[in-house]
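**Q** Next up, structure30.txt (compact mmCIF, C-alpha atoms).
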# COMPACT_ATOMS: atom_id res chain seq x y z
CA MET G 1 148.57 55.59 155.53
CA THR G 2 149.84 55.80 159.09
CA TYR G 3 150.04 59.57 158.61
CA LEU G 4 146.34 59.71 157.79
CA ALA G 5 145.52 57.41 160.69
CA ASP G 6 147.45 59.72 163.03
CA VAL G 7 145.59 62.75 161.74
CA VAL G 8 142.22 61.04 162.15
CA ALA G 9 143.10 59.91 165.67
CA LEU G 10 144.19 63.41 166.67
CA THR G 11 141.09 65.02 165.20
CA ARG G 12 138.86 62.51 166.95
CA LYS G 13 140.63 63.22 170.23
CA ASP G 14 139.83 66.94 169.90
CA LEU G 15 136.23 66.32 168.91
CA ARG G 16 135.75 63.90 171.80
CA VAL G 17 137.27 66.35 174.29
CA GLU G 18 134.85 68.96 173.00
CA LEU G 19 131.87 66.60 173.19
CA ARG G 20 132.67 65.79 176.82
CA GLY G 21 133.66 69.27 177.94
CA ARG G 22 131.57 71.52 175.67
CA ASP G 23 133.93 74.44 176.19
CA THR G 24 134.32 75.88 172.70
CA LEU G 25 131.39 75.23 170.41
CA PRO G 26 128.55 76.69 172.52
CA ALA G 27 130.66 79.82 173.09
CA MET G 28 131.24 80.20 169.36
CA LEU G 29 127.55 79.71 168.58
CA ILE G 30 126.34 82.23 171.11
CA PHE G 31 129.07 84.66 170.10
CA VAL G 32 128.26 84.60 166.41
CA LEU G 33 124.52 84.97 167.00
CA SER G 34 124.98 87.88 169.37
CA THR G 35 127.36 89.50 166.91
CA LEU G 36 124.71 89.33 164.19
CA VAL G 37 122.15 90.90 166.53
CA VAL G 38 124.63 93.64 167.44
CA PHE G 39 125.19 94.27 163.73
CA HIS G 40 121.50 94.68 163.17
CA PHE G 41 121.49 97.58 165.61
CA ALA G 42 124.88 98.88 164.49
CA LEU G 43 123.78 99.18 160.85
CA PRO G 44 121.58 102.18 160.09
CA ASP G 45 118.38 101.37 158.21
CA ALA G 46 119.54 103.05 155.04
CA SER G 47 122.73 101.04 154.65
CA GLY G 48 122.35 98.46 151.91
CA ASP G 49 122.98 94.75 151.76
CA THR G 50 126.61 95.28 150.78
CA ALA G 51 127.36 96.55 154.27
CA ALA G 52 125.69 93.45 155.76
CA TYR G 53 127.95 91.16 153.70
CA GLY G 54 130.96 93.04 155.00
CA LEU G 55 129.82 92.61 158.58
CA LEU G 56 129.19 88.89 158.04
CA TRP G 57 132.91 88.57 157.34
CA VAL G 58 133.79 90.44 160.49
CA ALA G 59 131.60 88.00 162.41
CA ILE G 60 133.23 84.99 160.74
CA VAL G 61 136.77 86.13 161.47
CA PHE G 62 136.08 86.95 165.10
CA THR G 63 134.23 83.69 165.70
CA ALA G 64 137.19 81.83 164.22
CA LEU G 65 139.50 83.78 166.54
CA LEU G 66 137.37 82.76 169.50
CA GLY G 67 137.64 79.09 168.51
CA LEU G 68 141.36 79.35 167.80
CA ALA G 69 142.07 81.00 171.14
CA ARG G 70 140.68 77.88 172.83
CA ALA G 71 142.38 75.47 170.42
CA TRP G 72 145.51 74.62 172.40
CA ILE G 73 144.23 75.33 175.89
CA PRO G 74 143.35 71.71 176.77
CA GLU G 75 146.84 70.67 175.63
CA GLN G 76 148.41 73.51 177.58
CA GLU G 77 146.51 72.84 180.79
CA HIS G 78 147.29 69.17 181.00
CA GLY G 79 150.74 69.16 179.41
CA VAL G 80 149.48 67.06 176.51
CA LEU G 81 151.50 68.91 173.91
CA ASP G 82 154.81 67.58 175.25
CA GLY G 83 153.41 64.06 175.00
CA LEU G 84 152.16 64.66 171.47
CA VAL G 85 155.51 66.05 170.37
CA LEU G 86 157.25 63.00 171.80
CA ALA G 87 154.76 60.60 170.21
CA PRO G 88 156.11 58.58 167.28
CA CYS G 89 154.19 60.47 164.61
CA ASP G 90 155.02 63.24 162.19
CA ARG G 91 154.67 66.61 163.99
CA SER G 92 152.76 68.13 161.12
CA ALA G 93 150.03 65.54 161.79
CA ILE G 94 149.39 67.35 165.09
CA TRP G 95 148.87 70.58 163.18
CA LEU G 96 146.60 68.94 160.62
CA GLY G 97 144.52 67.24 163.32
CA LYS G 98 144.08 70.52 165.19
CA THR G 99 143.24 72.37 161.99
CA LEU G 100 140.58 69.84 161.06
CA ALA G 101 139.05 69.90 164.54
CA THR G 102 138.94 73.73 164.59
CA LEU G 103 137.48 73.70 161.09
CA ALA G 104 134.77 71.30 162.27
CA PHE G 105 133.83 73.67 165.12
CA LEU G 106 133.82 76.67 162.82
CA LEU G 107 131.65 74.91 160.23
CA ALA G 108 129.27 73.77 162.96
CA SER G 109 128.90 77.32 164.24
CA GLN G 110 128.32 78.55 160.70
CA ALA G 111 125.67 75.92 160.12
CA VAL G 112 123.67 78.07 162.54
CA ALA G 113 125.14 81.47 161.76
CA LEU G 114 124.63 81.47 157.99
CA PRO G 115 120.91 80.59 158.08
CA ALA G 116 120.54 83.24 160.78
CA PHE G 117 122.29 85.75 158.51
CA VAL G 118 119.94 84.90 155.65
CA LEU G 119 116.98 85.24 158.00
CA PHE G 120 118.10 88.56 159.49
CA PHE G 121 119.77 90.26 156.53
CA GLU G 122 120.34 89.11 152.96
CA PRO G 123 120.35 85.86 150.95
CA LEU G 124 123.66 84.15 150.15
CA ASP G 125 124.44 82.52 146.81
CA THR G 126 126.65 79.49 146.17
CA THR G 127 129.68 81.64 145.38
CA ALA G 128 129.42 83.28 148.78
CA LEU G 129 129.05 79.90 150.48
CA ALA G 130 132.08 78.53 148.64
CA ALA G 131 134.02 81.63 149.70
CA VAL G 132 133.03 81.03 153.34
CA LEU G 133 134.26 77.44 153.12
CA LEU G 134 137.57 78.41 151.51
CA ALA G 135 138.16 81.24 153.96
CA ASP G 136 137.39 78.88 156.87
CA ILE G 137 140.06 76.48 155.63
CA GLY G 138 142.55 79.29 155.28
CA ILE G 139 141.94 80.86 158.65
CA CYS G 140 142.00 77.50 160.47
CA ALA G 141 145.22 76.45 158.76
CA VAL G 142 147.05 79.67 159.59
CA GLY G 143 145.31 80.18 162.89
CA SER G 144 146.09 76.80 164.44
CA LEU G 145 149.79 77.41 163.82
CA MET G 146 149.63 80.97 165.19
CA SER G 147 147.63 79.75 168.15
CA ALA G 148 150.34 77.18 168.95
CA MET G 149 152.90 80.00 168.78
CA ALA G 150 150.87 82.31 170.96
CA ALA G 151 150.09 79.57 173.50
CA ALA G 152 153.75 79.49 174.50
CA GLY G 153 153.75 83.22 175.22
CA ARG G 154 152.91 85.17 178.31
CA SER G 155 149.87 86.97 176.94
CA ARG G 156 148.35 84.47 174.55
CA GLU G 157 144.79 85.87 174.53
CA VAL G 158 146.04 89.27 173.43
CA LEU G 159 148.68 87.95 171.11
CA LEU G 160 146.57 85.65 168.94
CA PRO G 161 144.34 88.32 167.30
CA LEU G 162 147.40 90.48 166.68
CA LEU G 163 149.14 87.61 164.91
CA VAL G 164 146.16 86.42 162.90
CA LEU G 165 144.36 89.61 161.82
CA PRO G 166 147.03 90.98 159.43
CA LEU G 167 147.21 87.53 157.86
CA ALA G 168 143.41 87.39 157.57
CA ILE G 169 143.12 90.64 155.60
CA PRO G 170 143.54 88.92 152.20
CA LEU G 171 140.86 86.38 153.23
CA ILE G 172 138.42 89.18 153.98
CA VAL G 173 139.16 90.81 150.63
CA GLY G 174 138.51 87.51 148.86
CA GLY G 175 135.38 86.71 150.87
CA VAL G 176 133.71 90.09 150.54
CA GLY G 177 134.70 90.23 146.90
CA ALA G 178 133.09 86.86 146.20
CA ALA G 179 129.88 88.00 147.92
CA VAL G 180 129.48 91.46 146.35
CA SER G 181 131.36 91.35 143.07
CA GLU G 182 129.73 90.16 139.86
CA ASP G 183 132.87 88.28 138.91
CA GLY G 184 133.00 86.11 142.03
CA GLN G 185 135.02 83.28 140.47
CA ARG G 186 138.18 85.34 140.46
CA PHE G 187 137.92 85.85 144.21
CA LEU G 188 137.32 82.16 144.78
CA LEU G 189 140.48 81.43 142.83
CA PHE G 190 142.32 83.93 144.94
CA LEU G 191 141.06 82.29 148.15
CA LEU G 192 142.16 78.92 146.80
CA LEU G 193 145.63 80.33 146.13
CA TYR G 194 145.79 81.77 149.63
CA ASP G 195 144.77 78.44 151.16
CA ALA G 196 147.34 76.54 149.15
CA VAL G 197 150.22 78.91 149.95
CA PHE G 198 149.57 79.28 153.65
CA ALA G 199 148.50 75.69 154.30
CA VAL G 200 151.76 74.39 152.84
CA LEU G 201 153.74 76.99 154.77
CA SER G 202 152.00 76.13 158.06
CA TRP G 203 152.26 72.42 157.45
CA ALA G 204 156.00 72.69 156.82
CA SER G 205 156.80 75.03 159.68
CA PHE G 206 154.70 73.59 162.52
CA GLU G 207 157.49 71.31 163.68
CA TYR G 208 159.76 74.26 164.39
CA VAL G 209 157.15 75.96 166.54
CA VAL G 210 156.40 73.12 168.96
CA THR G 211 159.78 71.47 169.44
CA GLU G 212 162.07 72.71 172.19
CA MET P 1 178.50 106.98 153.23
CA GLY P 2 177.73 110.30 154.81
CA VAL P 3 179.16 111.98 151.73
CA ALA P 4 176.87 109.92 149.49
CA LEU P 5 173.87 110.88 151.55
CA VAL P 6 174.72 114.60 151.54
CA LEU P 7 175.44 114.49 147.81
CA ALA P 8 172.10 112.83 147.13
CA LEU P 9 170.27 115.38 149.21
CA ILE P 10 171.99 118.27 147.41
CA ILE P 11 171.63 116.83 143.93
CA ALA P 12 168.01 115.87 144.39
CA PRO P 13 166.44 119.34 144.54
CA GLU P 14 168.40 120.55 141.53
CA ASP P 15 166.46 118.75 138.87
CA ALA P 16 163.09 118.49 140.51
CA ASP P 17 161.18 120.32 137.81
CA GLN P 18 157.66 119.28 138.69
CA GLY P 19 157.16 121.39 141.74
CA ILE P 20 158.23 120.84 145.28
CA SER P 21 155.94 117.88 145.97
CA GLN P 22 157.69 115.70 143.43
CA ARG P 23 160.98 115.91 145.32
CA ILE P 24 159.78 113.60 148.07
CA PHE P 25 159.78 110.88 145.43
CA TYR P 26 163.56 110.68 145.80
CA ILE P 27 163.21 109.89 149.48
CA HIS P 28 159.92 108.00 149.56
CA VAL P 29 160.53 105.38 146.89
CA PRO P 30 164.07 104.42 147.99
CA ILE P 31 162.84 104.10 151.57
CA ALA P 32 160.00 101.83 150.44
CA LEU P 33 162.33 99.67 148.36
CA THR P 34 164.78 99.47 151.25
CA ALA P 35 161.99 98.40 153.59
CA TYR P 36 161.05 95.58 151.21
CA PHE P 37 164.69 94.64 151.01
CA CYS P 38 165.01 94.55 154.81
CA PHE P 39 161.90 92.36 155.17
CA GLY P 40 163.27 90.04 152.50
CA LEU P 41 166.65 89.92 154.21
CA GLY P 42 164.98 89.19 157.55
CA ALA P 43 163.03 86.31 156.04
CA PHE P 44 166.13 84.98 154.31
CA LYS P 45 168.05 84.99 157.59
CA ALA P 46 165.05 83.35 159.26
CA LEU P 47 165.13 80.61 156.66
CA LEU P 48 168.87 80.16 157.26
CA HIS P 49 168.18 79.95 160.99
CA LEU P 50 165.55 77.22 160.55
CA TRP P 51 167.80 75.38 158.18
CA LYS P 52 171.14 75.57 159.95
CA GLY P 53 169.98 76.22 163.51
CA ASP P 54 172.63 78.87 164.08
CA GLU P 55 171.60 81.46 166.70
CA ARG P 56 173.53 84.18 164.88
CA TYR P 57 170.92 84.20 162.10
CA ASP P 58 168.09 84.73 164.57
CA LEU P 59 169.59 87.99 165.77
CA GLU P 60 170.37 89.09 162.21
CA SER P 61 166.82 88.32 161.14
CA TYR P 62 165.43 90.29 164.06
CA VAL P 63 167.62 93.31 163.38
CA ALA P 64 166.80 93.28 159.66
CA ILE P 65 163.07 93.20 160.40
CA HIS P 66 163.50 95.94 162.97
CA GLN P 67 165.15 98.12 160.33
CA GLY P 68 162.44 97.14 157.84
CA THR P 69 159.71 98.21 160.23
CA ILE P 70 161.39 101.56 160.86
CA PHE P 71 161.73 102.16 157.13
CA GLY P 72 158.16 100.93 156.65
CA ALA P 73 156.91 103.51 159.15
CA LEU P 74 158.96 106.18 157.35
CA THR P 75 157.37 105.06 154.07
CA LEU P 76 153.92 105.50 155.56
CA ILE P 77 154.82 108.98 156.83
CA THR P 78 156.50 110.20 153.64
CA GLY P 79 153.80 108.59 151.52
CA SER P 80 151.16 110.35 153.56
CA ILE P 81 152.92 113.70 153.14
CA TRP P 82 153.19 113.11 149.41
CA ALA P 83 149.53 112.17 149.20
CA ARG P 84 148.64 115.38 151.03
CA ALA P 85 150.76 117.44 148.67
CA SER P 86 149.71 115.91 145.37
CA TRP P 87 146.18 114.59 146.00
CA GLY P 88 145.08 116.86 148.82
CA VAL P 89 144.36 114.11 151.34
CA TRP P 90 146.52 112.64 154.08
CA TRP P 91 145.37 109.13 153.42
CA THR P 92 143.93 107.42 150.41
CA TRP P 93 142.87 103.79 150.21
CA SER P 94 143.33 103.82 146.47
CA SER P 95 147.09 103.90 146.72
CA ASN P 96 148.02 100.21 146.60
CA GLN P 97 151.50 100.63 147.97
CA LEU P 98 150.42 102.66 150.97
CA VAL P 99 147.73 100.15 151.95
CA LEU P 100 150.18 97.30 151.50
CA PHE P 101 152.63 99.05 153.78
CA LEU P 102 149.93 99.55 156.38
CA VAL P 103 149.15 95.82 156.35
CA LEU P 104 152.84 94.95 156.54
CA PHE P 105 153.40 97.46 159.29
CA LEU P 106 150.64 95.85 161.37
CA PHE P 107 152.03 92.42 160.60
CA TYR P 108 155.56 93.28 161.70
CA CYS P 109 154.32 95.06 164.80
CA ALA P 110 152.72 91.72 165.70
CA TYR P 111 156.13 90.13 165.06
CA PHE P 112 157.61 92.27 167.83
CA MET P 113 154.71 91.48 170.14
CA LEU P 114 155.33 87.77 169.52
CA ARG P 115 159.04 88.15 170.19
CA PHE P 116 158.62 90.05 173.41
CA SER P 117 155.92 87.72 174.69
CA LEU P 118 157.92 84.50 174.36
CA GLU P 119 160.69 83.43 176.71
CA ASP P 120 164.20 83.89 175.39
CA GLY P 121 165.43 80.64 173.88
CA PRO P 122 165.50 78.43 170.80
CA ARG P 123 161.72 78.18 170.69
CA ARG P 124 161.34 81.95 170.49
CA ALA P 125 163.96 82.08 167.76
CA ARG P 126 162.17 79.45 165.72
CA SER P 127 158.67 80.89 166.22
CA SER P 128 159.91 84.33 165.17
CA ALA P 129 161.63 82.82 162.16
CA VAL P 130 158.43 81.06 161.09
CA TYR P 131 156.47 84.30 161.48
CA ALA P 132 159.07 86.20 159.46
CA LEU P 133 158.68 83.65 156.68
CA PHE P 134 154.91 84.17 156.74
CA GLY P 135 155.67 87.85 156.22
CA VAL P 136 157.33 87.41 152.84
CA ALA P 137 154.49 85.12 151.76
CA LEU P 138 152.05 87.81 152.86
CA ILE P 139 153.65 90.55 150.73
CA PRO P 140 152.66 89.20 147.27
CA VAL P 141 149.38 87.73 148.54
CA SER P 142 148.18 90.98 150.07
CA PHE P 143 149.41 92.94 147.08
CA LEU P 144 147.19 90.74 144.92
CA ALA P 145 144.36 91.13 147.43
CA ILE P 146 144.62 94.91 147.43
CA ARG P 147 144.64 94.95 143.64
CA LEU P 148 141.50 92.78 143.63
CA ALA P 149 139.84 94.84 146.35
CA GLU P 150 139.99 97.94 144.18
CA ASP P 151 137.38 96.33 141.97
CA PHE P 152 134.66 96.60 144.52
CA ILE P 153 135.89 99.36 146.81
CA HIS P 154 137.02 101.79 144.11
CA PRO P 155 135.30 101.43 140.78
CA THR P 156 137.72 103.88 139.15
CA VAL P 157 141.40 103.40 139.72
CA PHE P 158 143.28 106.52 140.67
CA THR P 159 145.56 107.41 137.81
CA ARG P 160 148.47 109.75 138.20
CA ASP P 161 149.94 110.94 134.94
CA GLY P 162 153.25 112.64 134.55
CA PRO P 163 156.13 112.81 132.14
CA GLN P 164 158.56 109.94 131.91
CA MET P 165 161.58 110.11 134.12
CA SER P 166 164.40 112.03 132.50
CA ALA P 167 167.98 110.82 132.64
CA THR P 168 169.12 113.25 135.34
CA MET P 169 166.10 112.41 137.46
CA PHE P 170 166.84 108.75 137.09
CA VAL P 171 170.46 109.27 138.12
CA THR P 172 169.34 111.23 141.16
CA PHE P 173 166.88 108.49 141.98
CA VAL P 174 169.55 105.82 141.77
CA VAL P 175 171.97 107.86 143.89
CA CYS P 176 169.24 108.38 146.51
CA TRP P 177 168.39 104.73 146.45
CA GLY P 178 172.02 103.82 146.98
CA ALA P 179 172.32 106.32 149.80
CA VAL P 180 169.23 105.04 151.60
CA THR P 181 170.39 101.45 151.18
CA LEU P 182 173.77 102.40 152.62
CA LEU P 183 172.06 104.16 155.49
CA ALA P 184 169.98 101.05 156.16
CA TYR P 185 173.09 98.89 155.98
CA VAL P 186 174.99 101.09 158.44
CA LEU P 187 172.03 101.13 160.84
CA TYR P 188 171.79 97.36 160.50
CA ARG P 189 175.47 96.87 161.34
CA VAL P 190 175.33 99.31 164.25
CA GLU P 191 172.26 97.71 165.79
CA LEU P 192 173.66 94.23 165.23
CA ALA P 193 176.95 95.19 166.87
CA GLY P 194 175.08 96.72 169.80
CA LYS P 195 172.87 93.66 170.24
CA ARG P 196 175.87 91.31 170.06
CA LEU P 197 177.75 93.40 172.59
CA ASP P 198 174.70 93.24 174.82
CA ALA P 199 174.50 89.46 174.54
CA ASN P 200 178.24 89.06 175.19
CA LEU P 201 178.06 91.31 178.23
CA ARG P 202 175.19 89.31 179.64
CA GLU P 203 177.09 86.06 179.11
CA LEU P 204 180.17 87.54 180.79
CA ARG P 205 178.11 88.68 183.77
CA GLU P 206 176.62 85.22 184.14
CA VAL P 207 180.08 83.68 184.04
CA LEU P 208 181.40 86.10 186.64
CA GLN P 209 178.56 85.54 189.07
Could you show the structure in this file as structure tokens?

**A**
Amino acid sequence: MTYLADVVALTRKDLRVELRGRDTLPAMLIFVLSTLVVFHFALPDASGDTAAYGLLWVAIVFTALLGLARAWIPEQEHGVLDGLVLAPCDRSAIWLGKTLATLAFLLASQAVALPAFVLFFEPLDTTALAAVLLADIGICAVGSLMSAMAAAGRSREVLLPLLVLPLAIPLIVGGVGAAVSEDGQRFLLFLLLYDAVFAVLSWASFEYVVTE
Amino acid sequence: MGVALVLALIIAPEDADQGISQRIFYIHVPIALTAYFCFGLGAFKALLHLWKGDERYDLESYVAIHQGTIFGALTLITGSIWARASWGVWWTWSSNQLVLFLVLFLFYCAYFMLRFSLEDGPRRARSSAVYALFGVALIPVSFLAIRLAEDFIHPTVFTRDGPQMSATMFVTFVVCWGAVTLLAYVLYRVELAGKRLDANLRELREVLQ
């Protein structure tokens, strides 16, 4: 139970920092909306709805990258990470707390982005929404670990997309497949598998990344 | 080892009876298998490093992945040449293996970016090891993803029919595979020796100063 309490406390810390500072969420919101508008002009009139679904996934991944790039910056700026690592809690709780907080930001930005997508382009069915949720979990789980890795480097802003994008390719396949294929369930299962594999891997390996 | 390589190269053309383009098979497939093997070896050494904390494994993991990336790039090049010769295009998204190698190539390029961006030390070693482990998890997952993606990107799967491999062809293939693996092993040892020498020299210089 203490593990859960630690996770909740860490997530609340991130959410509170965001509520006071408002550094990440407004940027993500504006970014995803402007991306959708750019897509409207980038897509020729004749291109069908399938192309719009594909672009929605591009928007989702890049918005997540924007949120993830900011994820460890407060910790980095104020030297909080050293304190967290020294704190008497399991290190993987730090990862889980950060993942949940990033997921909350991403879901909040999508609460605006998805209705806007439906308004501008095409309707989304429940399979597509489930795929968005599963892909969000996957990209936040992997991304918060990668972001912690990149934050220690010299060129973290450049490094993070390079680290995350190859890992996000299967998520895009699953997400687009769930939206456009008739047999969407298979892609949802695939996304679930991806989430399980990479969440366990990130959870187990986070300790090695942050300790000196 | 050199003899094995020369032998393989001389034997290979002898029984290539399906036209010149088929001969690249003897080079392309062993290179691809060797690249997989190198990535696997790199991840295995990374796991050993995380487990035992020995710095030796970090260097071995790095060198193995370096070799894997070189062989992966060679796979992309030879695969592309083969695609041009037998399908008439330099690149085709319907070839699962080629697309998988492109994804892996991008992934392992990011591995080097990560390594060069972090400060030398135990933290870099562990971060690289964790990333290398993600790599072997990515191989089956993206293979599955690429298989699934064919459903909506390519309604008809590209089929390539040909006769079954004859015994002599199979022998040639195995000899080539052995030769390429040996080549990879020799390169791995040479690079490892060079890197170790480098590290020792640096240590010596620090001691002398």

**Q** For Val58 in chain G, find every residue with an atom within 12 Å (counting all atoms listed in the file), except residues of its own chain fewer than 2 positions away, and show them as JSON, numbers by chain.

**A** {"G": [32, 35, 36, 38, 39, 51, 52, 53, 54, 55, 56, 60, 61, 62, 63, 64, 65, 132, 165, 168, 169, 171, 172, 173, 175, 176]}

**Q** Based on the selection just made, write C-alpha atoms of those residues as a PDB file, in the frame of the given file.

**A**
ATOM      1  CA  VAL G  32     128.260  84.600 166.410  1.00  0.00           C
ATOM      2  CA  THR G  35     127.360  89.500 166.910  1.00  0.00           C
ATOM      3  CA  LEU G  36     124.710  89.330 164.190  1.00  0.00           C
ATOM      4  CA  VAL G  38     124.630  93.640 167.440  1.00  0.00           C
ATOM      5  CA  PHE G  39     125.190  94.270 163.730  1.00  0.00           C
ATOM      6  CA  ALA G  51     127.360  96.550 154.270  1.00  0.00           C
ATOM      7  CA  ALA G  52     125.690  93.450 155.760  1.00  0.00           C
ATOM      8  CA  TYR G  53     127.950  91.160 153.700  1.00  0.00           C
ATOM      9  CA  GLY G  54     130.960  93.040 155.000  1.00  0.00           C
ATOM     10  CA  LEU G  55     129.820  92.610 158.580  1.00  0.00           C
ATOM     11  CA  LEU G  56     129.190  88.890 158.040  1.00  0.00           C
ATOM     12  CA  ILE G  60     133.230  84.990 160.740  1.00  0.00           C
ATOM     13  CA  VAL G  61     136.770  86.130 161.470  1.00  0.00           C
ATOM     14  CA  PHE G  62     136.080  86.950 165.100  1.00  0.00           C
ATOM     15  CA  THR G  63     134.230  83.690 165.700  1.00  0.00           C
ATOM     16  CA  ALA G  64     137.190  81.830 164.220  1.00  0.00           C
ATOM     17  CA  LEU G  65     139.500  83.780 166.540  1.00  0.00           C
ATOM     18  CA  VAL G 132     133.030  81.030 153.340  1.00  0.00           C
ATOM     19  CA  LEU G 165     144.360  89.610 161.820  1.00  0.00           C
ATOM     20  CA  ALA G 168     143.410  87.390 157.570  1.00  0.00           C
ATOM     21  CA  ILE G 169     143.120  90.640 155.600  1.00  0.00           C
ATOM     22  CA  LEU G 171     140.860  86.380 153.230  1.00  0.00           C
ATOM     23  CA  ILE G 172     138.420  89.180 153.980  1.00  0.00           C
ATOM     24  CA  VAL G 173     139.160  90.810 150.630  1.00  0.00           C
ATOM     25  CA  GLY G 175     135.380  86.710 150.870  1.00  0.00           C
ATOM     26  CA  VAL G 176     133.710  90.090 150.540  1.00  0.00           C
TER      27      VAL G 176
END

**Q** CA of Cys176 in chain P and CA of Phe25 in chain P are how many Å apart?

**A** 9.8 Å

**Q** With all atoms listed in the file considered, list every residue of chain P at most 10 Å from chain G, as a ChimeraX atom specification.

**A** /P:50,102-111,113-119,121-131,133-135,137-138,141-153

**Q** For Ala71 in chain G, which of G:Ala87, G:Leu100, G:Leu4, G:Ala179 is the closest residue, counting only C-alpha atoms?

**A** G:Leu100

**Q** Considering all atoms listed in the file, state which residue in the set G:Trp203, G:His78, G:Ala93, G:Val37 is at the smallest distance from Leu119 in chain G.

**A**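 Using all atoms listed in the file, Leu119 in chain G sits closest to G:Val37.
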
**Q** For CA of Glu60 in chain P and CA of Trp95 in chain G, quote the distance in Å rounded to one decimal.

**A**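 So the two atoms, CA of Glu60 in chain P and CA of Trp95 in chain G, lie 28.4 Å apart.
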
**Q** Neighbours of Pro30 in chain P within 9 Å (all atoms listed in the file; same-chain residues fewer than 4 positions away dropped), as a list in words?

**A**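 The residues that qualify are Phe25, Tyr26, Thr34, Ala35, Phe173, Val174, Cys176, Trp177, Gly178, Ala179, Val180 and Thr181 of chain P.
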
**Q** Of the candidates P:Val89, P:Ala184, P:Leu197, P:Leu48, which shows the shortest atom-to-atom distance to Gly68 in chain P, using all atoms listed in the file?

**A**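 Ranking P:Val89, P:Ala184, P:Leu197, P:Leu48 by distance to Gly68 in chain P, first place goes to P:Ala184.
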